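First the structure, in the form of structure tokens, and then the observations on it.
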Amino acid sequence: MASDTMNAPRGAGTAFAAIAPWAPILVFDSGVGGLTVLEEVRKALPDAPIIYAADTAGLPYGTKTEAQVAARVAGLLGRMTERFRPRLVCIACNTASTIALGMVREVLEVPVVGTVPAIKPAAAMTRTGVIGLLGTEATVRQAYVDRLEHEFAADKRLLRHGAPGLVEAAEAKLRGETVDPAIIEHAANALRSQPGGDLIDTVVLACTHFPLVEEELARAFGPDVRFVHGAQGIARQVARLTAGQEYARQAPDRALFTGAGDVPDAYRTKLALYGLLEVQRF
């Protein structure tokens, strides 16, 4: 198990023979950020049927209370697993995972993989001993992050910043819109301006949306800063929990968006690049 992922092998004892080859892996996020995880899952399991679920009606999660996030995520995933019968659920959202994973484990009867900030690999990478962490406001205040810091980076300095604007920037970029450079600069300056911030050489992208704007962040931070996130570790865990299972598609992989109204054509174009050829509302 990768140290920067969380999983619950609840239901993992189900016999493989009882799992239909077309049963999908359900990848869930508050928006399009989980596509960065989906990309790595595709590399690890290219034949696996996928349903990507984006709770755009509930976006953003980072400004909600813990109770609101836990209730919403558990309720949605309960309904989705009942309807789509996935073989595994991947919560590709740091905020949802750090807050709601325990409740989701009680609701679902399938294996669940979550994601948490990749503090352990960042601690191994840093040369200066100063690590920046960019996440949502909800993620950066979680006790789970405190525990990861204590366990893996007790001898380092971890500087945190809640950057909800980066979620909006990532969503805009996927729609083909121009990213506002002021949002990127604000996030970088919020870390740099903290005591010791000038020594940051490693930044944890603790929201699956943020790798979508890593290129912009890299320009803002400069060439001496490296970025780390947990997508590859999540994909490895998904592959481990589904090892030996058969895959077959009965229909094209699809994306689900919560809420009403038409899904923008720009989204549809980008989703197709991730192999999501059908787009529906849930």
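Order determines the names: the first chain of the structure tokens is A, the second B, and so forth; residues in each chain are numbered 1 upward, and ligands are numbered 1 upward as they are shown.
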
Practice task
If you run DSSP over the backbone, which residues in segment 17-256 of chain A end up strand (DSSP E)? Put them as an NGL selection string.
Solution key: :A and (25-29 or 50-54 or 88-91 or 112-115 or 130-135 or 157-162 or 202-206 or 226-228 or 254-256)

Mind writing the picked residues with N, CA and C atoms as a short mmCIF file (atom, residue, chain, number, x, y, z; two decimals), in the first residue's frame?
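Writing the result to selection_6.cif gives the following:
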```cif
data_model
loop_
_atom_site.label_atom_id
_atom_site.label_comp_id
_atom_site.auth_asym_id
_atom_site.auth_seq_id
_atom_site.Cartn_x
_atom_site.Cartn_y
_atom_site.Cartn_z
N ILE A 25 -14.73 0.62 -12.71
CA ILE A 25 -14.08 1.33 -11.61
C ILE A 25 -14.72 2.72 -11.59
N LEU A 26 -15.23 3.13 -10.43
CA LEU A 26 -15.87 4.43 -10.29
C LEU A 26 -14.87 5.41 -9.68
N VAL A 27 -14.50 6.41 -10.45
CA VAL A 27 -13.58 7.45 -10.00
C VAL A 27 -14.41 8.69 -9.68
N PHE A 28 -14.32 9.17 -8.45
CA PHE A 28 -15.19 10.25 -7.96
C PHE A 28 -14.37 11.45 -7.54
N ASP A 29 -14.83 12.63 -7.92
CA ASP A 29 -14.21 13.88 -7.48
C ASP A 29 -15.27 14.96 -7.41
N ILE A 50 -14.43 2.35 -17.05
CA ILE A 50 -14.36 3.48 -16.11
C ILE A 50 -15.65 4.28 -16.16
N ILE A 51 -16.13 4.67 -14.98
CA ILE A 51 -17.11 5.74 -14.86
C ILE A 51 -16.46 6.84 -14.04
N TYR A 52 -16.42 8.04 -14.59
CA TYR A 52 -15.87 9.19 -13.87
C TYR A 52 -17.04 10.06 -13.41
N ALA A 53 -17.14 10.27 -12.11
CA ALA A 53 -18.25 11.04 -11.55
C ALA A 53 -17.73 12.35 -10.95
N ALA A 54 -18.28 13.45 -11.42
CA ALA A 54 -17.89 14.78 -10.94
C ALA A 54 -19.08 15.44 -10.27
N LEU A 88 -14.94 -1.25 -7.69
CA LEU A 88 -14.11 -0.48 -6.77
C LEU A 88 -14.47 0.99 -6.92
N VAL A 89 -14.38 1.71 -5.83
CA VAL A 89 -14.58 3.17 -5.85
C VAL A 89 -13.26 3.85 -5.50
N CYS A 90 -12.88 4.80 -6.31
CA CYS A 90 -11.69 5.61 -6.04
C CYS A 90 -12.15 7.04 -5.78
N ILE A 91 -11.94 7.51 -4.56
CA ILE A 91 -12.26 8.90 -4.23
C ILE A 91 -11.04 9.75 -4.57
N VAL A 112 -12.61 0.58 -1.42
CA VAL A 112 -12.54 2.03 -1.59
C VAL A 112 -11.08 2.47 -1.50
N VAL A 113 -10.65 3.26 -2.45
CA VAL A 113 -9.32 3.86 -2.42
C VAL A 113 -9.49 5.38 -2.35
N GLY A 114 -8.80 5.99 -1.41
CA GLY A 114 -8.85 7.45 -1.29
C GLY A 114 -7.48 8.04 -1.51
N THR A 115 -7.37 9.33 -1.38
CA THR A 115 -6.08 10.00 -1.54
C THR A 115 -5.89 11.05 -0.47
N VAL A 130 12.31 22.48 3.70
CA VAL A 130 11.10 23.31 3.74
C VAL A 130 10.18 22.90 2.60
N ILE A 131 8.96 22.49 2.97
CA ILE A 131 7.98 21.97 2.02
C ILE A 131 6.75 22.88 2.02
N GLY A 132 6.26 23.21 0.85
CA GLY A 132 5.00 23.92 0.74
C GLY A 132 3.88 22.94 0.46
N LEU A 133 2.70 23.24 0.96
CA LEU A 133 1.53 22.40 0.70
C LEU A 133 0.38 23.29 0.26
N LEU A 134 -0.11 23.04 -0.95
CA LEU A 134 -1.26 23.75 -1.47
C LEU A 134 -2.44 22.79 -1.51
N GLY A 135 -3.54 23.17 -0.88
CA GLY A 135 -4.74 22.35 -0.88
C GLY A 135 -5.96 23.24 -0.78
N ARG A 157 10.04 21.51 7.80
CA ARG A 157 9.07 22.59 8.00
C ARG A 157 8.03 22.50 6.89
N LEU A 158 6.77 22.35 7.29
CA LEU A 158 5.68 22.24 6.33
C LEU A 158 4.84 23.51 6.40
N LEU A 159 4.82 24.24 5.30
CA LEU A 159 4.05 25.48 5.21
C LEU A 159 2.80 25.21 4.37
N ARG A 160 1.64 25.56 4.91
CA ARG A 160 0.37 25.22 4.25
C ARG A 160 -0.35 26.49 3.77
N HIS A 161 -1.10 26.30 2.69
CA HIS A 161 -1.97 27.39 2.23
C HIS A 161 -3.19 26.80 1.55
N GLY A 162 -4.37 27.27 1.96
CA GLY A 162 -5.61 26.90 1.30
C GLY A 162 -5.83 27.80 0.10
N THR A 202 10.13 22.13 -2.52
CA THR A 202 9.21 21.05 -2.87
C THR A 202 7.80 21.50 -2.48
N VAL A 203 6.84 21.33 -3.39
CA VAL A 203 5.46 21.72 -3.12
C VAL A 203 4.56 20.52 -3.32
N VAL A 204 3.77 20.20 -2.30
CA VAL A 204 2.77 19.15 -2.38
C VAL A 204 1.50 19.74 -2.97
N LEU A 205 1.03 19.17 -4.05
CA LEU A 205 -0.24 19.57 -4.64
C LEU A 205 -1.32 18.69 -4.02
N ALA A 206 -1.92 19.18 -2.94
CA ALA A 206 -2.82 18.39 -2.10
C ALA A 206 -4.28 18.55 -2.51
N ARG A 226 10.22 21.66 -7.04
CA ARG A 226 9.61 20.46 -7.61
C ARG A 226 8.23 20.25 -7.00
N PHE A 227 7.37 19.57 -7.75
CA PHE A 227 5.99 19.34 -7.31
C PHE A 227 5.75 17.85 -7.16
N VAL A 228 4.90 17.49 -6.20
CA VAL A 228 4.59 16.09 -5.96
C VAL A 228 3.10 15.96 -5.64
N ARG A 254 -17.74 6.54 -19.50
CA ARG A 254 -18.56 7.74 -19.44
C ARG A 254 -18.18 8.64 -18.27
N ALA A 255 -18.59 9.88 -18.38
CA ALA A 255 -18.46 10.85 -17.30
C ALA A 255 -19.85 11.24 -16.84
N LEU A 256 -20.01 11.34 -15.53
CA LEU A 256 -21.26 11.78 -14.93
C LEU A 256 -21.04 13.11 -14.24
#
```

Handout entry: Close residues, Leu276 of chain A itself excluded, 8 Å, only C-alpha atoms, min 2 positions apart in chain, as a PyMOL selection string
Key = chain A and resi 52+252-255+271-274+278-279

Problem - Picked from segment 162-272 of chain A by DSSP as helix (DSSP H, G or I), as an MDAnalysis selection string - result: chainID A and resid 164:174 181:192 197:199 210:221 231:241 265:272

Give me the residues near Ala143 of chain A as a CSV table (one decimal) with N, CA and C atoms, in the first residue's frame, where near means some atom within 10 Å (using only C-alpha atoms) and where sequence neighbours in that chain fewer than 5 positions away do not count.
```csv
chain,number,residue,atom,x,y,z
A,98,THR,N,-10.0,13.0,3.1
A,98,THR,CA,-9.6,13.3,4.5
A,98,THR,C,-10.8,13.5,5.4
A,99,ILE,N,-11.9,13.8,4.9
A,99,ILE,CA,-13.1,14.1,5.7
A,99,ILE,C,-14.1,12.9,5.7
A,148,LEU,N,0.1,13.2,9.2
A,148,LEU,CA,1.0,12.9,8.2
A,148,LEU,C,2.3,13.7,8.4
A,149,GLU,N,2.2,15.0,8.8
A,149,GLU,CA,3.3,15.8,9.0
A,149,GLU,C,4.2,15.2,10.2
```

Problem - Test item: residues at most 9 Å from Val167 of chain A, only C-alpha atoms, excluding those fewer than 4 positions along its chain, as a PyMOL selection string - result: chain A and resi 31+33+60+136+163+171-172+207-210

Prev. selection, C-alpha atoms, output as a PDB file, in the first residue's frame:
```pdb
ATOM      1  CA  GLY A  31     -15.073  18.317 -10.269  1.00  0.00           C
ATOM      2  CA  GLY A  33      -9.477  17.358 -10.782  1.00  0.00           C
ATOM      3  CA  PRO A  60     -16.328  23.597  -4.209  1.00  0.00           C
ATOM      4  CA  THR A 136      -8.290  23.435  -0.316  1.00  0.00           C
ATOM      5  CA  ALA A 163      -5.961  27.949  -2.335  1.00  0.00           C
ATOM      6  CA  GLU A 171     -11.796  23.972 -14.035  1.00  0.00           C
ATOM      7  CA  ALA A 172     -11.452  26.991 -16.319  1.00  0.00           C
ATOM      8  CA  CYS A 207      -5.819  18.683  -4.399  1.00  0.00           C
ATOM      9  CA  THR A 208      -6.278  16.582  -7.509  1.00  0.00           C
ATOM     10  CA  HIS A 209      -7.295  19.709  -9.425  1.00  0.00           C
ATOM     11  CA  PHE A 210      -3.928  21.344  -8.920  1.00  0.00           C
TER      12      PHE A 210
END
```

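Among the candidates A:Val213, A:Ala153, A:Val145, A:Ile19, the one nearest to Ala187 of chain A when counting only C-alpha atoms is A:Val213.
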
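Of note, atom CA of Gly102 of chain A and atom CA of Pro46 of chain A are spaced 29.1 Å apart.
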
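If you measure from each of A:Leu77, A:Ala251, A:Ala122, A:Ala100 to His229 of chain A using only C-alpha atoms, the closest one turns out to be A:Ala122.
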
Exercise for the section: May I ask which of the residues A:Gly230, A:Pro24, A:Gly34, A:Gly275 is the closest one to Ile119 of chain A, counting only C-alpha atoms? Expected result: A:Gly230

Problem - Long-range neighbours of Ala220 of chain A as a ChimeraX atom specification, 10 Å cut-off, only C-alpha atoms, 2 positions minimum in chain - result: /A:181,184-189,214-218,222-223,225

Can I get the selection written as a JSON list (two decimals), in the first residue's frame, with C-alpha atoms?
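Output below, filename out.json:
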```
[["chain", "number", "residue", "atom", "x", "y", "z"],
["A", 181, "PRO", "CA", -2.18, 34.58, -13.67],
["A", 184, "ILE", "CA", -1.45, 31.48, -9.61],
["A", 185, "GLU", "CA", 0.76, 34.27, -8.28],
["A", 186, "HIS", "CA", -1.40, 34.65, -5.19],
["A", 187, "ALA", "CA", -1.03, 30.96, -4.31],
["A", 188, "ALA", "CA", 2.74, 31.02, -4.80],
["A", 189, "ASN", "CA", 3.17, 34.26, -2.83],
["A", 214, "GLU", "CA", 1.19, 22.60, -12.49],
["A", 215, "GLU", "CA", 2.75, 24.24, -15.54],
["A", 216, "GLU", "CA", 1.49, 27.65, -14.43],
["A", 217, "LEU", "CA", 2.56, 27.02, -10.84],
["A", 218, "ALA", "CA", 6.03, 25.98, -11.98],
["A", 222, "GLY", "CA", 10.66, 29.05, -10.50],
["A", 223, "PRO", "CA", 12.89, 26.24, -11.77],
["A", 225, "VAL", "CA", 10.94, 23.97, -7.01]]
```

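Proximity ranking of A:Val179, A:Gly261, A:Glu66, A:Thr128 relative to Gln142 of chain A places A:Glu66 first, based on only C-alpha atoms.
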
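Distances to Thr81 of chain A were evaluated for A:Ala57, A:Ile183, A:Ala260, A:Val110 using only C-alpha atoms, and the minimum falls at A:Val110.
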
Practice task
Write out as an MDAnalysis selection string the residues lying within 10 Å of Leu101 of chain A, counting only C-alpha atoms and excluding same-chain residues fewer than 4 positions away.
Solution key: chainID A and resid 6:8 70 73:74 91 95:97 105:107 112:115
